[in-house]
>>> print(open('query.txt').read())   # compact mmCIF, C-alpha atoms and all ligand atoms
# COMPACT_ATOMS: atom_id res chain seq x y z
CA MET A 1 25.46 20.41 26.64
CA SER A 2 28.67 19.15 25.12
CA ARG A 3 28.74 18.09 21.51
CA LEU A 4 29.79 14.59 22.48
CA LEU A 5 26.87 14.29 24.87
CA LYS A 6 24.44 15.51 22.21
CA THR A 7 25.82 13.03 19.73
CA THR A 8 25.58 10.21 22.26
CA ILE A 9 21.98 11.06 23.12
CA ALA A 10 21.06 11.30 19.44
CA ALA A 11 22.68 7.95 18.71
CA GLY A 12 20.88 6.41 21.68
CA LEU A 13 17.54 7.70 20.43
CA VAL A 14 18.20 6.29 16.98
CA VAL A 15 19.01 2.89 18.45
CA ALA A 16 16.02 2.92 20.82
CA PHE A 17 13.55 4.06 18.15
CA GLY A 18 14.96 1.72 15.54
CA ALA A 19 14.65 -1.19 17.96
CA THR A 20 11.05 -0.25 18.70
CA ILE A 21 10.18 -0.38 15.03
CA ALA A 22 12.13 -3.58 14.42
CA HIS A 23 10.45 -5.35 17.33
CA ALA A 24 6.97 -3.91 16.96
CA GLN A 25 4.66 -6.54 15.65
CA VAL A 26 3.04 -5.47 12.41
CA THR A 27 -0.52 -6.69 12.74
CA PRO A 28 -3.08 -7.05 9.94
CA GLU A 29 -4.78 -3.98 11.41
CA HIS A 30 -1.57 -1.96 10.97
CA LEU A 31 -1.32 -3.10 7.35
CA LEU A 32 -4.90 -2.08 6.67
CA LYS A 33 -4.37 1.35 8.24
CA TYR A 34 -1.17 1.78 6.25
CA ARG A 35 -2.94 0.91 3.00
CA GLN A 36 -5.98 3.04 3.66
CA GLY A 37 -3.85 5.96 4.86
CA VAL A 38 -1.67 5.89 1.77
CA MET A 39 -4.67 5.62 -0.57
CA ARG A 40 -6.35 8.48 1.28
CA ALA A 41 -3.21 10.57 0.91
CA VAL A 42 -3.29 9.76 -2.82
CA ALA A 43 -6.92 10.93 -3.03
CA PHE A 44 -6.12 14.12 -1.11
CA GLN A 45 -3.48 15.04 -3.68
CA PHE A 46 -5.46 13.95 -6.71
CA GLY A 47 -8.88 15.37 -5.75
CA PRO A 48 -7.83 19.04 -5.96
CA LEU A 49 -5.93 18.33 -9.18
CA THR A 50 -9.14 17.09 -10.82
CA GLY A 51 -10.52 20.58 -10.12
CA VAL A 52 -7.70 22.01 -12.25
CA ALA A 53 -8.41 19.55 -15.06
CA LYS A 54 -12.08 20.62 -15.03
CA GLY A 55 -11.17 24.32 -15.07
CA GLU A 56 -12.72 24.80 -11.61
CA ALA A 57 -9.48 25.59 -9.82
CA PRO A 58 -6.41 27.54 -10.92
CA TRP A 59 -3.02 25.96 -11.43
CA SER A 60 -0.68 27.12 -8.65
CA PRO A 61 2.55 26.21 -6.85
CA ALA A 62 0.43 24.34 -4.27
CA MET A 63 -1.11 22.26 -7.06
CA ALA A 64 2.34 21.58 -8.50
CA GLN A 65 3.38 20.31 -5.07
CA LYS A 66 0.36 17.98 -5.01
CA ALA A 67 1.39 16.56 -8.37
CA VAL A 68 4.91 15.92 -7.10
CA ASN A 69 3.53 14.41 -3.88
CA LEU A 70 1.26 12.15 -5.92
CA ALA A 71 4.18 10.81 -7.95
CA ALA A 72 6.01 9.92 -4.71
CA LEU A 73 2.89 8.42 -3.13
CA SER A 74 2.29 6.23 -6.17
CA VAL A 75 5.62 4.55 -5.46
CA ILE A 76 4.50 3.91 -1.88
CA ALA A 77 1.13 2.65 -3.16
CA GLY A 78 3.09 -0.15 -4.82
CA ASP A 79 4.17 -1.24 -1.35
CA VAL A 80 0.80 -1.43 0.42
CA PHE A 81 -0.66 -4.57 -1.16
CA SER A 82 1.76 -7.13 0.19
CA PRO A 83 0.49 -10.74 0.31
CA ALA A 84 0.66 -10.44 4.12
CA SER A 85 -2.28 -8.02 3.86
CA LYS A 86 -4.50 -10.11 1.63
CA ASP A 87 -6.96 -11.54 4.15
CA LEU A 88 -7.94 -8.37 5.93
CA ALA A 89 -11.56 -7.79 6.84
CA ASN A 90 -13.17 -4.39 6.24
CA SER A 91 -11.07 -3.83 3.14
CA ASP A 92 -12.15 -2.75 -0.34
CA ALA A 93 -9.19 -4.57 -1.84
CA LYS A 94 -10.44 -7.47 -3.98
CA PRO A 95 -8.79 -10.91 -3.71
CA GLU A 96 -8.01 -10.61 -7.44
CA ILE A 97 -5.10 -8.34 -6.46
CA TRP A 98 -3.29 -11.40 -5.16
CA ALA A 99 -4.91 -13.97 -7.47
CA LYS A 100 -3.84 -12.07 -10.61
CA PRO A 101 -0.60 -10.40 -9.53
CA ASP A 102 0.65 -9.75 -13.07
CA ASP A 103 -2.53 -7.88 -14.03
CA PHE A 104 -2.43 -5.91 -10.81
CA LYS A 105 1.21 -5.02 -11.24
CA MET A 106 0.54 -3.80 -14.78
CA LYS A 107 -2.17 -1.44 -13.55
CA MET A 108 -0.13 -0.27 -10.57
CA THR A 109 2.83 0.39 -12.85
CA ALA A 110 0.61 2.34 -15.26
CA PHE A 111 -0.56 4.50 -12.34
CA GLN A 112 3.04 5.14 -11.31
CA THR A 113 4.10 5.94 -14.87
CA GLU A 114 1.25 8.44 -15.37
CA THR A 115 1.81 10.17 -12.03
CA SER A 116 5.53 10.37 -12.71
CA LYS A 117 4.77 12.10 -16.03
CA LEU A 118 2.41 14.45 -14.21
CA GLY A 119 5.09 15.30 -11.65
CA ASP A 120 7.53 16.15 -14.44
CA LEU A 121 4.95 18.24 -16.30
CA ALA A 122 4.03 20.05 -13.08
CA LYS A 123 7.61 21.23 -12.74
CA ALA A 124 7.64 22.42 -16.37
CA GLY A 125 4.36 24.34 -16.00
CA ASN A 126 2.48 23.95 -19.33
CA VAL A 127 -1.07 24.03 -17.95
CA GLU A 128 -2.81 22.49 -20.97
CA ALA A 129 -0.39 19.55 -20.93
CA ILE A 130 -0.85 19.28 -17.16
CA LYS A 131 -4.65 19.13 -17.48
CA ALA A 132 -4.44 16.37 -20.09
CA GLN A 133 -2.07 14.42 -17.86
CA ILE A 134 -4.33 14.82 -14.81
CA ASN A 135 -7.02 13.10 -16.89
CA ALA A 136 -4.57 10.36 -17.87
CA VAL A 137 -3.82 9.77 -14.18
CA GLY A 138 -7.56 9.60 -13.43
CA LYS A 139 -7.96 6.91 -16.09
CA ALA A 140 -5.14 4.90 -14.51
CA CYS A 141 -6.79 5.22 -11.06
CA GLY A 142 -10.13 4.13 -12.48
CA ALA A 143 -8.73 1.22 -14.53
CA CYS A 144 -7.29 -0.35 -11.41
CA HIS A 145 -10.35 0.37 -9.26
CA ASP A 146 -12.61 -1.22 -11.90
CA ASP A 147 -10.86 -4.57 -11.57
CA PHE A 148 -9.38 -4.56 -8.12
CA ARG A 149 -11.47 -2.43 -5.75
CA VAL A 150 -14.86 -3.41 -4.36
CA LYS A 151 -17.58 -1.30 -5.96
CA ARG A 152 -19.05 1.21 -3.56
C1 LIG B 1 -10.32 10.34 -7.28
C2 LIG B 1 -10.53 9.27 -6.40
C3 LIG B 1 -10.51 8.14 -7.10
C4 LIG B 1 -10.19 8.43 -8.51
C5 LIG B 1 -11.07 7.82 -9.52
C6 LIG B 1 -10.58 8.18 -10.91
O1 LIG B 1 -10.24 11.52 -6.98
O2 LIG B 1 -10.74 9.34 -5.08
O3 LIG B 1 -10.70 6.93 -6.64
O4 LIG B 1 -10.17 9.85 -8.58
O5 LIG B 1 -12.36 8.26 -9.35
O6 LIG B 1 -11.20 7.37 -11.85
>>> encode(input="query.txt", output="structure tokens")
Amino acid sequence: MSRLLKTTIAAGLVVAFGATIAHAQVTPEHLLKYRQGVMRAVAFQFGPLTGVAKGEAPWSPAMAQKAVNLAALSVIAGDVFSPASKDLANSDAKPEIWAKPDDFKMKMTAFQTETSKLGDLAKAGNVEAIKAQINAVGKACGACHDDFRVKR
């Protein structure tokens, strides 16, 4: 296949796919799945890290990757509570998220700040400092859940 043809096909795919996304209707159900998927991804990074903090699992390159992933996911977590998603059924998100946006933003920002610190520490590799920071992240998770997630 010629290079020009390949480029043309690739450009066509980009246009077609882009148009699909642009025109796809984002339903409340999509927003809920997005939110729950992102929060689940957060939990699947953080869960194993809590094992390190408790001394039940060794620090490792895979754990360092989870810490870095978590820092990136925390940024995305800031994008999954848009007002367009506030009236979803079957959600553990409390209405206070949208009724007290400044409080919520403060807690979300704290979560992002703590995970960012953890990501930086993970790259540096001081395990005692990492363990302490994993606990700091857990506190930030819990502080937000206390006020803004339905108890379960
Ligand atoms: C987790 C998880 C949470 C937090 C929270 C920390 O692993 O799923 O929701 O930690 O329990 O306080």
>>> residues_near_ligand(input="query.txt", ligand="ligand LIG 1 (chain B)", cutoff="10 Å", atoms="all atoms listed in the file", output="count of residues only")
27
>>> residues_around(input="query.txt", residues="region 24-38 of chain A", least_positions_apart="4", cutoff="10 Å", atoms="all atoms listed in the file", output="PyMOL selection string")
chain A and resi 18-20+42-44+73-74+76-82+84-93
>>> closest_residue(input="query.txt", among="A:Val150, A:Ala99, A:Ala132, A:Ala57", to="Lys117 (chain A)", atoms="all atoms listed in the file")
A:Ala132
>>> atom_distance(input="query.txt", atom1="CA of Gly125 (chain A)", atom2="CA of Gln112 (chain A)")
19.8 Å
>>> atom_distance(input="query.txt", atom1="CA of Leu70 (chain A)", atom2="CA of Thr115 (chain A)")
6.4 Å
>>> atom_distance(input="query.txt", atom1="CA of Val75 (chain A)", atom2="CA of Ile97 (chain A)")
16.8 Å
>>> closest_residue(input="query.txt", among="A:Glu114, A:Pro101, A:Asn126, A:Asn69", to="Pro83 (chain A)", atoms="all atoms listed in the file")
A:Pro101
>>> closest_residue(input="query.txt", among="A:Ala122, A:Lys100, A:Ser116, A:Phe148", to="Trp59 (chain A)", atoms="all atoms listed in the file")
A:Ala122
>>> axis_aligned_box(input="query.txt", around="region 30-42 of chain A", padding_each_side="3 Å", output="lines of an AutoDock Vina configuration file")
center_x = -3.8
center_y = 3.7
center_z = 4.1
size_x = 11.2
size_y = 19.7
size_z = 19.8
>>> residues_around(input="query.txt", residues="Pro58 (chain A)", least_positions_apart="4", cutoff="12 Å", atoms="all atoms listed in the file", output="JSON, numbers by chain")
{"A": [48, 49, 50, 51, 52, 53, 54, 62, 63, 64, 127, 128, 130, 131]}
